[in-house]
There are 2 protein chains.
Amino acid sequence: MDSQGIEVIPIGRVESPLTDHRAAPRQGVEGAPEACLVLDAAVADGLDGLAAGDEIVVVTWLDRADRRMLRVHPRDDLTIPERGVFTTRSADRPNPVGLHTVEVVDVDGLRVRVRPLEAVDGTPIVDLKPVLGPDPATP
Amino acid sequence: MDSQGIEVIPIGRVESPLTDHRAAPRQGVEGAPEACLVLDAAVADGLDGLAAGDEIVVVTWLDRADRRMLRVHPRDDLTIPERGVFTTRSADRPNPVGLHTVEVVDVDGLRVRVRPLEAVDGTPIVDLKPVLGPDPATP
């Protein structure tokens, strides 16, 4: 693969009642709980304007994933033929980036409560972005 | 910020007629062109099953971004008050991950033609994922 690595510095961690990544829901809409995004003080200014009710994409790094996987049975269902990881949402993939669309429930300083979030406790947070509406001029 | 860094290994690069990131469209739907995702041979198996017509999210690393930025004027419009980068889609942010929803036009070996894509020529590709439909059991 490309020889030039890129360093991601986590901006915070997920605080969640989910601890077993194999038992966690596969997607937020599949019964995932509320969770708290605990942001680092160094990025506090980046949260300015974030408010309850906002719909955001939480970008995580799924650090329990197997980065060597290139083919999987979707949803670990052996009756579904194996296919390339880039056509699935499997966490196991070369760069295990997680994308989670959630609603902001509450913002309290560096603690952002969101729902639903299927990422397990301790998952590193890479970025937060607003969901884009039909009008691309959304900030 | 968090002391534990994470290494992203690019899985390929964008090949695009866009070369000036300041002049590039801000979002794909704002007039961005077709572009080619040139994947590394090491991840070829991960593409198995990808086909023309698929709607995917291309995850990139916007390597021209300013990672020190925490507050910005949305869309560089000085008449819009500054706000935290996590409430905007600005490329300038601590971890400049780009999310691009595109349609696959053609798959030819390691070359995946997509549209529209606003990322500039040479942008590192981090991941490809299918867009999730209303049914979360999508692979």
# chains A, B, ... in the order shown; residues from 1 in each chain; ligands from 1
$ interface_residues --of "chain A" --to "chain B" --cutoff "8 Å" --atoms "only C-alpha atoms" --output "MDAnalysis selection string"
chainID A and resid 1:12 27 29:30 40:43 45:50 70:71 74:75 83:89 94:95 97 126:130 136:139
$ residues_around --residues "region 105-117 of chain B" --least-positions-apart "4" --cutoff "6 Å" --atoms "only C-alpha atoms" --output "ChimeraX atom specification"
/B:28,32-39,52
$ write_last_selection --atoms "C-alpha atoms" --output "PDB file, in the first residue's frame"
ATOM      1  CA  GLY B  28     -19.797  17.358  -5.268  1.00  0.00           C
ATOM      2  CA  ALA B  32     -17.706  18.788  -9.456  1.00  0.00           C
ATOM      3  CA  PRO B  33     -16.456  16.592 -12.305  1.00  0.00           C
ATOM      4  CA  GLU B  34     -16.046  12.880 -12.781  1.00  0.00           C
ATOM      5  CA  ALA B  35     -12.867  11.558 -11.228  1.00  0.00           C
ATOM      6  CA  CYS B  36     -11.032   8.278 -10.967  1.00  0.00           C
ATOM      7  CA  LEU B  37     -10.209   6.441  -7.759  1.00  0.00           C
ATOM      8  CA  VAL B  38      -6.933   4.641  -8.395  1.00  0.00           C
ATOM      9  CA  LEU B  39      -6.699   1.892  -5.794  1.00  0.00           C
ATOM     10  CA  ALA B  52     -21.380   0.669 -11.956  1.00  0.00           C
TER      11      ALA B  52
END
$ atom_distance --atom1 "CA of Ser16 (chain A)" --atom2 "CA of Gly53 (chain A)"
19.6 Å
$ select_by_dssp --residues "region 32-76 of chain A" --states "strand (DSSP E)" --output "list in words"
Ala35, Cys36, Leu37, Val38, Leu39, Glu55, Ile56, Val57, Val58, Val59, Thr60, Trp61, Arg71 and Val72 of chain A
$ write_last_selection --atoms "all heavy atoms" --output "short mmCIF file (atom, residue, chain, number, x, y, z; two decimals), in the first residue's frame"
data_model
loop_
_atom_site.label_atom_id
_atom_site.label_comp_id
_atom_site.auth_asym_id
_atom_site.auth_seq_id
_atom_site.Cartn_x
_atom_site.Cartn_y
_atom_site.Cartn_z
N ALA A 35 -25.15 7.71 23.90
CA ALA A 35 -23.75 7.64 24.32
C ALA A 35 -23.25 9.07 24.48
O ALA A 35 -23.92 10.02 24.06
CB ALA A 35 -22.91 6.89 23.29
N CYS A 36 -22.08 9.20 25.09
CA CYS A 36 -21.52 10.52 25.28
C CYS A 36 -20.20 10.64 24.52
O CYS A 36 -19.36 9.74 24.58
CB CYS A 36 -21.28 10.76 26.78
SG CYS A 36 -20.98 12.49 27.13
N LEU A 37 -20.05 11.73 23.78
CA LEU A 37 -18.79 12.03 23.12
C LEU A 37 -18.02 12.92 24.09
O LEU A 37 -18.47 14.03 24.40
CB LEU A 37 -19.01 12.76 21.80
CG LEU A 37 -20.06 12.13 20.86
CD1 LEU A 37 -20.23 13.02 19.61
CD2 LEU A 37 -19.67 10.71 20.47
N VAL A 38 -16.89 12.45 24.58
CA VAL A 38 -16.10 13.24 25.52
C VAL A 38 -14.93 13.82 24.75
O VAL A 38 -13.99 13.11 24.39
CB VAL A 38 -15.63 12.38 26.70
CG1 VAL A 38 -14.88 13.24 27.70
CG2 VAL A 38 -16.82 11.68 27.36
N LEU A 39 -15.02 15.11 24.44
CA LEU A 39 -14.02 15.76 23.61
C LEU A 39 -12.85 16.26 24.43
O LEU A 39 -12.99 16.55 25.63
CB LEU A 39 -14.65 16.93 22.83
CG LEU A 39 -15.51 16.59 21.60
CD1 LEU A 39 -14.70 15.79 20.59
CD2 LEU A 39 -16.78 15.85 21.95
N GLU A 55 -28.22 17.29 13.74
CA GLU A 55 -27.93 15.96 13.21
C GLU A 55 -26.49 16.00 12.70
O GLU A 55 -26.15 16.86 11.87
CB GLU A 55 -28.91 15.62 12.08
CG GLU A 55 -29.00 14.12 11.85
CD GLU A 55 -29.94 13.76 10.69
OE1 GLU A 55 -30.39 14.67 9.97
OE2 GLU A 55 -30.18 12.56 10.49
N ILE A 56 -25.66 15.11 13.23
CA ILE A 56 -24.25 15.14 12.87
C ILE A 56 -23.75 13.75 12.49
O ILE A 56 -24.37 12.74 12.82
CB ILE A 56 -23.36 15.71 14.02
CG1 ILE A 56 -23.43 14.81 15.27
CG2 ILE A 56 -23.76 17.13 14.36
CD1 ILE A 56 -22.42 15.21 16.36
N VAL A 57 -22.62 13.74 11.78
CA VAL A 57 -21.91 12.50 11.50
C VAL A 57 -20.72 12.45 12.46
O VAL A 57 -19.90 13.36 12.48
CB VAL A 57 -21.40 12.44 10.05
CG1 VAL A 57 -20.64 11.14 9.81
CG2 VAL A 57 -22.55 12.58 9.07
N VAL A 58 -20.68 11.39 13.27
CA VAL A 58 -19.52 11.16 14.13
C VAL A 58 -18.60 10.21 13.37
O VAL A 58 -19.01 9.14 12.93
CB VAL A 58 -19.94 10.50 15.47
CG1 VAL A 58 -18.71 10.28 16.35
CG2 VAL A 58 -20.98 11.36 16.18
N VAL A 59 -17.36 10.65 13.17
CA VAL A 59 -16.35 9.82 12.51
C VAL A 59 -15.48 9.21 13.60
O VAL A 59 -14.91 9.94 14.41
CB VAL A 59 -15.49 10.65 11.54
CG1 VAL A 59 -14.48 9.75 10.81
CG2 VAL A 59 -16.36 11.42 10.55
N THR A 60 -15.45 7.88 13.65
CA THR A 60 -14.65 7.21 14.69
C THR A 60 -13.56 6.36 14.05
O THR A 60 -13.54 6.15 12.82
CB THR A 60 -15.54 6.28 15.55
OG1 THR A 60 -16.11 5.28 14.71
CG2 THR A 60 -16.63 7.05 16.26
N TRP A 61 -12.68 5.85 14.90
CA TRP A 61 -11.69 4.86 14.48
C TRP A 61 -11.99 3.58 15.25
O TRP A 61 -11.89 3.56 16.49
CB TRP A 61 -10.26 5.35 14.80
CG TRP A 61 -9.22 4.42 14.25
CD1 TRP A 61 -8.57 3.41 14.94
CD2 TRP A 61 -8.70 4.39 12.93
NE1 TRP A 61 -7.70 2.77 14.10
CE2 TRP A 61 -7.76 3.36 12.86
CE3 TRP A 61 -8.95 5.14 11.77
CZ2 TRP A 61 -7.05 3.04 11.69
CZ3 TRP A 61 -8.25 4.84 10.61
CH2 TRP A 61 -7.31 3.81 10.57
N ARG A 71 -12.00 -9.33 2.40
CA ARG A 71 -13.24 -9.97 1.97
C ARG A 71 -13.97 -10.46 3.22
O ARG A 71 -13.35 -11.00 4.13
CB ARG A 71 -12.96 -11.17 1.06
CG ARG A 71 -12.21 -10.80 -0.22
CD ARG A 71 -11.79 -12.05 -1.00
NE ARG A 71 -12.94 -12.84 -1.40
CZ ARG A 71 -13.65 -12.62 -2.50
NH1 ARG A 71 -13.31 -11.67 -3.33
NH2 ARG A 71 -14.70 -13.36 -2.78
N VAL A 72 -15.28 -10.28 3.25
CA VAL A 72 -16.07 -10.73 4.41
C VAL A 72 -17.41 -11.28 3.95
O VAL A 72 -17.89 -10.97 2.86
CB VAL A 72 -16.36 -9.57 5.40
CG1 VAL A 72 -15.10 -9.08 6.07
CG2 VAL A 72 -17.10 -8.43 4.68
#
$ closest_residue --among "B:Pro81, B:Asp20, B:Asp66, B:Asp92" --to "Val120 (chain B)" --atoms "only C-alpha atoms"
B:Asp20
$ atom_distance --atom1 "CA of Thr123 (chain A)" --atom2 "CA of Glu103 (chain A)"
18.1 Å
